[in-house]
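input.txt (compact mmCIF, C-alpha atoms) appears below.
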```
# COMPACT_ATOMS: atom_id res chain seq x y z
CA MET A 258 89.88 77.46 93.87
CA THR A 259 87.01 75.08 93.02
CA LYS A 260 87.26 71.40 93.83
CA PRO A 261 88.11 69.51 90.62
CA ASN A 262 85.67 66.82 89.48
CA PHE A 263 88.12 64.79 87.40
CA THR A 264 90.18 61.74 88.34
CA GLU A 265 92.73 61.94 85.56
CA VAL A 266 94.59 64.86 84.10
CA ASN A 267 96.12 65.45 80.66
CA TYR A 268 99.73 66.62 80.57
CA ARG A 269 100.58 68.37 77.32
CA ILE A 270 104.34 68.76 77.44
CA ARG A 271 106.72 70.40 75.01
CA ARG A 272 109.52 67.94 74.34
CA PHE A 273 112.90 68.60 72.78
CA ASP A 274 115.97 66.43 72.63
CA PRO A 275 118.74 68.32 70.78
CA GLU A 276 120.41 65.05 69.83
CA ARG A 277 117.27 63.69 68.17
CA ASP A 278 114.84 66.50 67.35
CA LYS A 279 115.22 69.37 64.93
CA ALA A 280 112.56 71.43 66.72
CA PRO A 281 110.46 71.13 69.87
CA HIS A 282 107.19 69.23 69.60
CA TRP A 283 104.21 68.55 71.86
CA GLU A 284 103.30 65.25 73.48
CA THR A 285 100.27 64.42 75.61
CA TYR A 286 100.13 62.04 78.57
CA ARG A 287 97.30 61.03 80.86
CA VAL A 288 98.05 60.56 84.56
CA PRO A 289 95.88 59.88 87.63
CA PHE A 290 94.90 62.95 89.62
CA ALA A 291 94.68 63.20 93.41
CA ALA A 292 93.55 66.12 95.55
CA GLY A 293 96.42 68.43 96.46
CA MET A 294 98.59 67.18 93.61
CA THR A 295 101.14 69.67 92.30
CA VAL A 296 102.26 70.06 88.69
CA LEU A 297 105.66 68.70 89.74
CA GLU A 298 104.11 65.57 91.18
CA GLY A 299 102.26 65.11 87.90
CA LEU A 300 105.55 65.36 86.00
CA TRP A 301 106.97 62.60 88.20
CA LYS A 302 103.89 60.51 87.34
CA VAL A 303 104.48 61.11 83.62
CA LYS A 304 108.10 60.02 84.04
CA GLU A 305 107.09 56.98 86.05
CA LEU A 306 104.18 55.81 83.89
CA HIS A 307 104.89 57.02 80.34
CA SER A 308 108.20 58.65 79.50
CA PRO A 309 111.30 57.92 81.60
CA THR A 310 113.35 60.23 79.37
CA LEU A 311 111.38 63.38 80.29
CA ALA A 312 113.82 65.97 81.69
CA TRP A 313 113.29 68.94 84.01
CA ARG A 314 115.00 70.57 86.98
CA SER A 315 113.63 70.29 90.50
CA SER A 316 114.99 69.89 93.97
CA CYS A 317 113.36 71.13 97.17
CA ARG A 318 109.63 70.59 96.30
CA MET A 319 108.68 73.50 98.56
CA GLY A 320 109.17 76.69 96.51
CA VAL A 321 112.54 77.54 97.97
CA CYS A 322 115.29 76.38 95.60
CA GLY A 323 113.90 77.97 92.42
CA SER A 324 114.83 75.03 90.18
CA CYS A 325 111.45 74.07 88.76
CA GLY A 326 110.43 77.30 87.03
CA MET A 327 108.50 76.47 83.87
CA LEU A 328 105.68 77.78 81.70
CA ILE A 329 102.50 76.24 83.09
CA ASN A 330 99.24 76.96 81.28
CA GLY A 331 100.80 80.06 79.73
CA LYS A 332 102.28 81.56 82.89
CA PRO A 333 105.81 81.16 84.29
CA ARG A 334 105.46 79.43 87.67
CA LEU A 335 107.17 76.98 89.98
CA ALA A 336 105.92 73.45 89.25
CA CYS A 337 106.26 72.48 92.92
CA ASN A 338 104.32 75.52 94.07
CA THR A 339 101.40 75.15 91.65
CA GLN A 340 98.55 72.83 92.44
CA ILE A 341 96.76 71.32 89.47
CA ALA A 342 93.43 72.24 91.08
CA GLU A 343 94.30 75.96 90.97
CA LEU A 344 94.67 75.76 87.17
CA GLU A 345 90.93 74.96 86.99
CA SER A 346 91.40 72.70 83.99
CA ASP A 347 91.97 68.99 83.47
CA THR A 348 94.73 69.82 81.00
CA VAL A 349 98.13 71.00 82.18
CA VAL A 350 100.21 72.55 79.42
CA VAL A 351 103.88 72.60 80.35
CA ALA A 352 106.74 74.17 78.39
CA PRO A 353 110.22 75.37 79.31
CA LEU A 354 110.60 78.98 80.43
CA PRO A 355 110.47 81.30 77.40
CA ASN A 356 113.28 83.77 76.58
CA PHE A 357 115.91 81.08 77.22
CA ASP A 358 117.46 78.44 75.00
CA ILE A 359 116.37 74.90 75.73
CA VAL A 360 118.89 72.38 77.05
CA ARG A 361 116.37 69.57 76.83
CA ASP A 362 112.60 69.15 77.31
CA LEU A 363 111.68 71.47 80.23
CA VAL A 364 115.25 72.46 81.11
CA PRO A 365 116.06 76.06 80.13
CA GLU A 366 119.60 77.32 79.65
CA LEU A 367 119.92 79.81 82.52
CA LYS A 368 123.59 80.69 81.99
CA PRO A 369 122.83 84.09 80.38
CA MET A 370 120.68 85.06 83.38
CA PHE A 371 123.39 84.14 85.87
CA ALA A 372 126.05 85.84 83.74
CA ASN A 373 124.03 89.08 83.92
CA HIS A 374 123.53 88.50 87.63
CA GLN A 375 127.26 88.03 88.22
CA GLU A 376 128.09 91.08 86.12
CA LEU A 377 126.15 93.27 88.58
CA LYS A 378 128.16 92.05 91.59
CA PRO A 379 125.30 90.77 93.76
CA TYR A 380 127.12 90.81 97.06
CA VAL A 381 128.13 93.29 99.74
CA ILE A 382 131.12 95.33 98.60
CA ARG A 383 133.12 97.26 101.19
CA ASP A 384 136.53 98.82 101.44
CA ASP A 385 137.21 97.19 104.79
CA VAL A 386 137.76 93.74 103.32
CA GLN A 387 139.32 92.43 106.51
CA GLU A 388 136.17 93.20 108.53
CA ARG A 389 133.93 91.78 105.81
CA GLU A 390 135.80 88.52 105.56
CA HIS A 391 136.58 88.14 109.27
CA PRO A 392 133.91 90.13 111.10
CA THR A 393 134.51 91.23 114.64
CA ASN A 394 130.89 92.25 115.13
CA GLU A 395 127.69 93.08 113.20
CA PHE A 396 127.37 96.00 110.78
CA TYR A 397 124.82 98.42 112.20
CA GLN A 398 121.49 98.60 110.35
CA SER A 399 118.16 99.92 111.58
CA ALA A 400 114.85 98.14 111.03
CA HIS A 401 113.78 100.91 108.65
CA GLU A 402 116.96 100.51 106.59
CA LEU A 403 116.38 96.78 106.42
CA GLU A 404 112.86 97.28 105.08
CA GLN A 405 114.22 99.24 102.10
CA TYR A 406 115.57 96.06 100.52
CA LEU A 407 114.13 93.16 102.53
CA GLN A 408 111.55 92.01 99.97
CA PHE A 409 114.22 91.83 97.24
CA THR A 410 116.18 89.32 99.33
CA TYR A 411 113.34 86.81 98.92
CA CYS A 412 114.30 86.27 95.26
CA ILE A 413 115.15 82.61 94.57
CA LYS A 414 116.55 83.18 91.04
CA CYS A 415 114.00 80.86 89.44
CA GLY A 416 113.93 82.89 86.22
CA CYS A 417 110.12 83.28 86.08
CA CYS A 418 110.45 87.09 85.92
CA MET A 419 112.97 86.83 83.08
CA ALA A 420 110.59 84.55 81.17
CA ALA A 421 107.72 87.02 81.60
CA CYS A 422 109.70 90.17 80.71
CA PRO A 423 108.75 91.55 77.25
CA THR A 424 111.93 93.62 77.09
CA PHE A 425 114.26 90.72 77.90
CA ALA A 426 112.42 88.76 75.20
CA THR A 427 113.65 91.07 72.47
CA ASP A 428 116.69 92.92 73.79
CA PRO A 429 119.68 90.67 74.53
CA LEU A 430 121.64 93.58 76.04
CA TYR A 431 119.04 94.21 78.75
CA SER A 432 120.10 92.57 82.03
CA GLY A 433 116.56 91.57 82.97
CA PRO A 434 114.44 91.94 86.12
CA MET A 435 116.22 89.42 88.34
CA PRO A 436 119.79 90.78 87.98
CA LEU A 437 118.57 94.38 88.15
CA GLY A 438 116.39 93.64 91.17
CA GLN A 439 119.33 92.06 92.92
CA ALA A 440 121.62 94.97 92.04
CA GLN A 441 119.06 97.28 93.64
CA ARG A 442 118.87 94.96 96.64
CA TYR A 443 122.59 95.53 97.30
CA ASN A 444 122.61 99.19 96.24
CA SER A 445 119.95 99.93 98.84
CA ASP A 446 121.66 97.93 101.58
CA THR A 447 123.26 100.39 103.98
CA ARG A 448 126.08 97.95 104.71
CA ASP A 449 127.12 98.04 101.07
CA GLY A 450 129.40 100.52 99.33
CA GLY A 451 129.40 99.04 95.82
CA PHE A 452 127.11 101.49 93.99
CA LYS A 453 129.97 102.92 91.93
CA GLU A 454 131.12 99.48 90.79
CA ARG A 455 127.61 98.39 89.78
CA LYS A 456 126.99 101.74 88.15
CA LEU A 457 129.58 100.90 85.49
CA VAL A 458 127.10 98.35 84.12
CA LEU A 459 123.85 100.08 85.10
CA VAL A 460 124.48 103.30 83.16
CA SER A 461 124.81 101.37 79.90
CA GLU A 462 122.23 99.60 77.75
CA ALA A 463 122.37 96.67 80.18
CA GLY A 464 120.84 98.92 82.84
CA PRO A 465 117.20 99.59 83.70
CA TRP A 466 116.55 102.06 80.86
CA ARG A 467 114.68 99.70 78.53
CA CYS A 468 112.12 98.72 81.18
CA HIS A 469 108.62 99.94 80.20
CA TYR A 470 107.16 98.99 83.54
CA ALA A 471 104.96 96.28 82.02
CA GLY A 472 105.01 94.78 85.53
CA GLU A 473 104.82 91.16 84.32
CA CYS A 474 107.94 90.27 86.33
CA SER A 475 106.21 91.25 89.56
CA ARG A 476 102.95 89.55 88.57
CA VAL A 477 104.54 86.15 88.01
CA CYS A 478 107.08 86.15 90.86
CA PRO A 479 106.29 83.08 92.99
CA LYS A 480 107.88 84.69 96.05
CA GLY A 481 105.96 87.95 95.89
CA VAL A 482 109.05 90.01 95.07
CA ASP A 483 108.44 93.19 93.09
CA PRO A 484 111.35 93.47 90.62
CA ALA A 485 109.50 96.14 88.63
CA LYS A 486 109.56 98.36 91.72
CA ALA A 487 113.27 97.65 92.22
CA ILE A 488 113.94 98.77 88.65
CA GLN A 489 111.99 102.01 89.08
CA LEU A 490 113.80 102.73 92.35
CA MET A 491 117.07 102.06 90.57
CA LYS A 492 116.18 104.48 87.77
CA ARG A 493 115.46 107.14 90.39
CA GLU A 494 118.80 106.50 92.10
CA LEU A 495 120.67 106.73 88.81
CA VAL A 496 118.89 109.93 87.77
CA PHE A 497 119.72 111.48 91.15
CA ASP A 498 123.27 110.28 90.70
CA TYR A 499 123.52 111.96 87.27
CA LEU A 500 122.13 115.18 88.74
CA ARG A 501 124.57 114.82 91.66
CA LEU A 502 121.64 114.77 94.08
CA ARG A 503 122.15 111.22 95.28
CA LYS A 504 122.93 111.03 98.96
CA THR A 505 126.16 109.11 99.27
CA LYS A 506 126.57 107.47 102.60
CA CYS A 507 129.54 105.58 103.94
CA PRO A 508 128.70 101.91 104.42
CA ALA A 509 127.32 101.17 107.88
CA LYS A 510 129.98 100.86 110.53
CA VAL A 511 130.59 97.92 112.78
CA ALA A 512 128.22 98.12 115.72
CA GLU A 513 129.96 98.48 119.05
CA LYS A 514 129.55 95.68 121.49
CA PRO A 515 127.26 96.65 124.37
CA THR A 516 129.30 97.13 127.51
CA GLU A 517 126.74 97.86 130.20
CA VAL A 518 124.41 94.98 129.48
CA LYS A 519 124.24 91.96 131.72
CA ARG A 520 123.49 88.55 130.34
CA ARG A 521 120.14 87.22 131.54
CA GLU A 522 120.34 84.20 133.79
CA GLY A 523 119.53 80.79 132.41
CA ILE A 524 120.68 81.46 128.87
CA PRO A 525 123.25 78.80 127.96
CA ASP A 526 126.51 79.63 126.23
CA ALA A 527 126.77 79.06 122.49
CA PRO A 528 128.08 75.63 121.62
CA PRO A 529 131.73 75.47 120.52
CA ARG A 530 132.48 75.92 116.84
CA THR A 531 132.56 72.75 114.83
CA VAL A 532 134.53 74.12 111.87
CA MET B 207 129.82 105.15 79.27
CA MET B 208 127.01 106.94 81.04
CA ARG B 209 125.16 107.54 77.79
CA ASP B 210 121.86 105.92 78.70
CA GLN B 211 121.83 107.34 82.21
CA LYS B 212 122.31 110.81 80.75
CA LEU B 213 119.85 110.42 77.88
CA TRP B 214 117.14 108.96 80.10
CA THR B 215 117.53 111.79 82.62
CA TRP B 216 117.12 114.32 79.81
CA HIS B 217 114.16 112.30 78.52
CA LEU B 218 112.51 112.73 81.93
CA ALA B 219 113.37 116.43 82.05
CA ALA B 220 111.95 116.92 78.54
CA GLY B 221 108.75 115.17 79.67
CA ILE B 222 108.36 117.66 82.52
CA VAL B 223 108.96 120.59 80.16
CA ILE B 224 106.33 119.18 77.79
CA LEU B 225 103.90 118.77 80.66
CA VAL B 226 104.24 122.45 81.59
CA PHE B 227 104.37 124.01 78.13
CA LEU B 228 101.85 121.70 76.48
CA GLY B 229 99.57 122.38 79.45
CA MET B 230 99.96 126.08 78.79
CA HIS B 231 99.28 125.55 75.08
CA MET B 232 96.14 123.52 75.81
CA THR B 233 94.92 126.13 78.27
CA ILE B 234 95.36 128.95 75.77
CA MET B 235 93.86 127.01 72.88
CA HIS B 236 90.93 125.30 74.53
CA LEU B 237 90.03 127.05 77.77
CA ASN B 238 89.57 130.58 76.43
CA ALA B 239 85.83 130.36 77.06
CA VAL B 240 86.39 129.33 80.69
CA ILE B 241 89.41 131.41 81.70
CA ALA B 242 89.71 135.07 80.81
CA LEU B 243 92.77 135.19 78.54
CA LYS B 244 92.16 138.52 76.87
CA GLY B 245 95.82 139.46 76.90
CA LEU B 246 96.69 136.31 75.00
CA ASN B 247 93.84 136.62 72.52
CA PRO B 248 93.63 140.40 72.05
CA ALA B 249 91.36 140.20 69.02
CA GLY B 250 88.79 138.20 70.94
CA GLY B 251 86.96 135.34 69.29
CA HIS B 252 88.65 132.01 68.83
CA PRO B 253 92.34 131.53 69.75
CA ILE B 254 93.15 130.30 66.22
CA ASP B 255 91.69 133.38 64.56
CA TRP B 256 94.42 134.92 62.40
CA ALA B 257 94.68 138.13 64.41
CA ASN B 258 95.22 136.20 67.64
CA VAL B 259 97.77 133.85 66.04
CA VAL B 260 99.75 136.82 64.71
CA SER B 261 99.57 138.56 68.04
CA ARG B 262 101.09 135.57 69.82
CA ALA B 263 103.65 135.01 67.08
CA ARG B 264 104.94 138.56 67.54
CA SER B 265 105.40 138.04 71.26
CA GLY B 266 108.94 137.27 72.40
CA PHE B 267 107.56 135.21 75.30
CA PHE B 268 105.64 132.91 72.96
CA MET B 269 108.59 132.61 70.59
CA VAL B 270 110.77 131.34 73.45
CA THR B 271 108.13 128.92 74.72
CA TYR B 272 107.53 127.56 71.20
CA VAL B 273 111.24 126.88 70.74
CA ILE B 274 111.58 125.23 74.17
CA LEU B 275 108.49 123.09 73.59
CA LEU B 276 109.73 122.12 70.13
CA GLY B 277 113.14 121.08 71.46
CA ALA B 278 111.69 119.13 74.39
CA ALA B 279 109.06 117.38 72.25
CA LEU B 280 111.59 116.44 69.58
CA PHE B 281 114.08 115.04 72.08
CA HIS B 282 111.41 113.22 74.10
CA GLY B 283 109.73 111.70 71.06
CA LEU B 284 112.85 110.77 69.10
CA TYR B 285 114.59 109.24 72.12
CA GLY B 286 111.45 107.19 72.76
CA LEU B 287 111.41 106.09 69.12
CA ARG B 288 115.10 105.15 69.38
CA ASN B 289 114.34 103.00 72.42
CA ILE B 290 111.55 101.19 70.58
CA LEU B 291 113.74 100.57 67.53
CA PHE B 292 116.64 99.35 69.69
CA GLU B 293 114.38 96.75 71.27
CA LEU B 294 114.10 95.08 67.88
CA ASP B 295 117.74 94.11 68.43
CA PRO B 296 119.32 95.75 65.38
CA ALA B 297 123.00 95.16 64.61
CA ARG B 298 125.51 97.55 66.14
CA TRP B 299 126.07 99.40 62.85
CA LEU B 300 122.31 99.80 62.43
CA LYS B 301 122.02 101.18 65.96
CA ARG B 302 124.63 103.80 65.13
CA THR B 303 122.80 104.62 61.91
CA ILE B 304 119.45 104.93 63.70
CA SER B 305 121.00 107.22 66.33
CA ALA B 306 122.67 109.36 63.65
CA VAL B 307 119.53 109.63 61.50
CA LEU B 308 117.37 110.57 64.48
CA LEU B 309 119.95 113.09 65.71
CA VAL B 310 120.36 114.77 62.32
CA GLY B 311 116.61 114.63 61.58
CA GLY B 312 115.79 116.04 65.03
CA LEU B 313 118.31 118.84 64.71
CA ALA B 314 117.02 119.71 61.22
CA LEU B 315 113.44 119.87 62.45
CA PHE B 316 114.54 121.97 65.42
CA VAL B 317 116.37 124.43 63.17
CA VAL B 318 113.41 124.73 60.79
CA GLY B 319 110.95 125.15 63.67
CA THR B 320 113.13 127.71 65.43
CA TRP B 321 113.55 129.64 62.17
CA ALA B 322 109.76 129.64 61.71
CA ALA B 323 109.21 130.90 65.27
CA VAL B 324 111.77 133.69 64.84
CA VAL B 325 110.56 134.76 61.40
CA ALA B 326 106.95 134.77 62.60
CA ARG B 327 107.80 137.71 64.90
CA SER B 328 107.93 139.95 61.86
CA LEU B 329 104.44 139.03 60.66
```

What do you get writing this file as structure tokens?
Amino acid sequence: MTKPNFTEVNYRIRRFDPERDKAPHWETYRVPFAAGMTVLEGLWKVKELHSPTLAWRSSCRMGVCGSCGMLINGKPRLACNTQIAELESDTVVVAPLPNFDIVRDLVPELKPMFANHQELKPYVIRDDVQEREHPTNEFYQSAHELEQYLQFTYCIKCGCCMAACPTFATDPLYSGPMPLGQAQRYNSDTRDGGFKERKLVLVSEAGPWRCHYAGECSRVCPKGVDPAKAIQLMKRELVFDYLRLRKTKCPAKVAEKPTEVKRREGIPDAPPRTV
Amino acid sequence: MMRDQKLWTWHLAAGIVILVFLGMHMTIMHLNAVIALKGLNPAGGHPIDWANVVSRARSGFFMVTYVILLGAALFHGLYGLRNILFELDPARWLKRTISAVLLVGGLALFVVGTWAAVVARSL
């Protein structure tokens, strides 16, 4: 990243107000630039200095909540996690995430993504509901088993992968990289027993079959998750399942409490529950 | 329900069959100068010389491999084409039509190709 030699930066923003505009249009604003400034900070400057009606989603400002996904200089990214200096241009082109309808300005309609996500039951499913809801102890899982799905848990559902996916762009039946990646995250969790329930959706056209492994989802992910890998692993699981070669394991059991272990001295008791 | 899971698994299997049999085809057709394949090209010379072609066509082994390769290539290619066409988001009725046309067309080509391979044994 080279040090920028400009003091102001142009923001070219795609604007759309469904109550006023028939189609989206571009507007350009000029805002002061400071070292370390993020694209999100620039948007706040635009709102403050030029256009108070500019709309976008943002919350945490630290790349955790996944609200501020948008198309920045042609690539889906988090506005809070992208420094203007790394764009190596004094013009920042900002548009809402592609492949989604626009609610207003830079706000995409993410309902279809979350509907697909919900459809694939992204949570631990077990027969022992009582233990799941009111656990008596931890479910046993080795470090190796954890590593099989750990990276997929870092997904923040920002929608950048969905915006980059060429298949999701054309095929409305395809669930998309985020929901499929999260389905694989739970399918590969040894504490989970919900493969059969998720399979009802995965074996259909909504499943991973339309993925060409373009890999764009993994390239743009701001958290370094590899949804393309999750989808390939899922395909393998489903092929093994069809050939009846998939190893079916009972969900991990509740780990027994250690009986012959003494508590080390000086460790205080846990504070009492507040709720 | 499990249509795509099943079709994609067969698509993979067909790809493996193509890899093996097309590899064999390429070896016979193009590596005759490198590998001694006298049994497969009894007349000597080039593998596509008429005498060699007839010799292979009369062989039951080659007839079977031709039919397997034909079936695998047709399924692999037409299923791939169906996937590409489905990504253009056709209406449901058009999807059914595409599937039916590809199925009937594929079966027709398979029947014609199989007939040709069987008849060629009597050359």

Would you give me, as a tab-separated table, each residue of chain A having an atom within 6 Å of an atom of chain B, along with its shortest atom pair and that distance in Å to one decimal, using all atoms listed in the file and sorting by chain and residue number?
```
residue	atom	partner	partner_atom	distance
A:Thr427	CA	B:Glu293	CA	5.9
A:Asp428	CA	B:Glu293	CA	5.1
A:Val460	CA	B:Met208	CA	4.9
A:Ser461	CA	B:Asp210	CA	5.6
A:Val496	CA	B:Thr215	CA	5.6
```

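Across the structure, CA of Leu228 in chain B and CA of Ile254 in chain B are spaced 16.0 Å apart.
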
Find the residues around Arg271 in chain A up to 8 Å (all atoms listed in the file counted), leave out those fewer than 2 positions away in its own chain, and share them as a PDB file with C-alpha atoms, in the coordinates of the input.
```pdb
ATOM      1  CA  ARG A 269     100.580  68.370  77.320  1.00  0.00           C
ATOM      2  CA  PHE A 273     112.900  68.600  72.780  1.00  0.00           C
ATOM      3  CA  PRO A 281     110.460  71.130  69.870  1.00  0.00           C
ATOM      4  CA  HIS A 282     107.190  69.230  69.600  1.00  0.00           C
ATOM      5  CA  TRP A 283     104.210  68.550  71.860  1.00  0.00           C
ATOM      6  CA  GLU A 284     103.300  65.250  73.480  1.00  0.00           C
ATOM      7  CA  VAL A 351     103.880  72.600  80.350  1.00  0.00           C
ATOM      8  CA  ALA A 352     106.740  74.170  78.390  1.00  0.00           C
ATOM      9  CA  PRO A 353     110.220  75.370  79.310  1.00  0.00           C
ATOM     10  CA  ASP A 362     112.600  69.150  77.310  1.00  0.00           C
ATOM     11  CA  LEU A 363     111.680  71.470  80.230  1.00  0.00           C
TER      12      LEU A 363
END
```

From the options A:Lys492, A:Lys332, A:Lys414, A:Arg467, which residue's atoms come nearest to Lys368 in chain A, counting all atoms listed in the file?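 Closest candidate: A:Lys414.
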
Given only C-alpha atoms as the counted atoms, nearest of A:Arg287, A:Lys486, A:Arg455, A:Arg530 to Gly299 in chain A: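 Result for the nearest residue to Gly299 in chain A: A:Arg287.
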
Selection as a PyMOL selection string: residues within 12 Å of (104.6, 140.6, 72.1), counting all atoms listed in the file: chain B and resi 245-248+258-270+326-329

Hey, what's within 7 Å of Pro436 in chain A if we count all atoms listed in the file and toss same-chain stuff fewer than 5 positions away? As JSON, numbers by chain, please? {"A": [373, 374, 377]}

I want to know what sits within 10 Å of Glu343 in chain A, based on only C-alpha atoms, with residues of the same chain fewer than 4 positions away left out; could you give that as a compact mmCIF listing (two decimals) with C-alpha atoms, in the coordinates of the input?
```txt
# COMPACT_ATOMS: atom_id res chain seq x y z
CA MET A 258 89.88 77.46 93.87
CA THR A 259 87.01 75.08 93.02
CA LYS A 260 87.26 71.40 93.83
CA PRO A 261 88.11 69.51 90.62
CA GLY A 293 96.42 68.43 96.46
CA THR A 295 101.14 69.67 92.30
CA THR A 339 101.40 75.15 91.65
```

Please provide the set of residues having any atom within 10 Å of Leu490 in chain A, restricted to all atoms listed in the file, with same-chain residues fewer than 6 positions apart removed, written as a list of chain:residue names.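 Once the nearby chain positions are removed, what remains is A:Gly438, A:Gln441, A:Ser445, A:Pro465, A:Pro484, A:Val496.
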
Between CA of Ser316 in chain A and CA of Lys304 in chain A, measure the distance and give it in Å to one decimal.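 CA of Lys304 in chain A lies 15.6 Å from CA of Ser316 in chain A.
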
Ala426 in chain A surroundings by all atoms listed in the file, 12 Å radius, close-in-sequence under 5 positions cut, as a ChimeraX atom specification: /A:354-358,418-421,431-434,467-468 /B:293-295

Would you export the selected residues with C-alpha atoms as a PDB file, in the coordinates of the input, please?
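Written output follows (out-v2.pdb):
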```pdb
ATOM      1  CA  LEU A 354     110.600  78.980  80.430  1.00  0.00           C
ATOM      2  CA  PRO A 355     110.470  81.300  77.400  1.00  0.00           C
ATOM      3  CA  ASN A 356     113.280  83.770  76.580  1.00  0.00           C
ATOM      4  CA  PHE A 357     115.910  81.080  77.220  1.00  0.00           C
ATOM      5  CA  ASP A 358     117.460  78.440  75.000  1.00  0.00           C
ATOM      6  CA  CYS A 418     110.450  87.090  85.920  1.00  0.00           C
ATOM      7  CA  MET A 419     112.970  86.830  83.080  1.00  0.00           C
ATOM      8  CA  ALA A 420     110.590  84.550  81.170  1.00  0.00           C
ATOM      9  CA  ALA A 421     107.720  87.020  81.600  1.00  0.00           C
ATOM     10  CA  TYR A 431     119.040  94.210  78.750  1.00  0.00           C
ATOM     11  CA  SER A 432     120.100  92.570  82.030  1.00  0.00           C
ATOM     12  CA  GLY A 433     116.560  91.570  82.970  1.00  0.00           C
ATOM     13  CA  PRO A 434     114.440  91.940  86.120  1.00  0.00           C
ATOM     14  CA  ARG A 467     114.680  99.700  78.530  1.00  0.00           C
ATOM     15  CA  CYS A 468     112.120  98.720  81.180  1.00  0.00           C
TER      16      CYS A 468
ATOM     17  CA  GLU B 293     114.380  96.750  71.270  1.00  0.00           C
ATOM     18  CA  LEU B 294     114.100  95.080  67.880  1.00  0.00           C
ATOM     19  CA  ASP B 295     117.740  94.110  68.430  1.00  0.00           C
TER      20      ASP B 295
END
```

Quick one, how far is CA of Ile270 in chain A from CA of Met327 in chain A?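 Taking CA of Ile270 in chain A as the start and CA of Met327 in chain A as the end point, the length is 10.9 Å.
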
Given the point (110.2, 112.9, 79.8) in the coordinates of this file, which residues lie within 12 Å, counting all atoms listed in the file, and how would they look as a PyMOL selection string? chain B and resi 213-226+278-286

Selected residue, from A:Phe263, A:Tyr470, A:Phe396, A:Tyr286, that lies nearest to Ala512 in chain A when counting only C-alpha atoms: A:Phe396
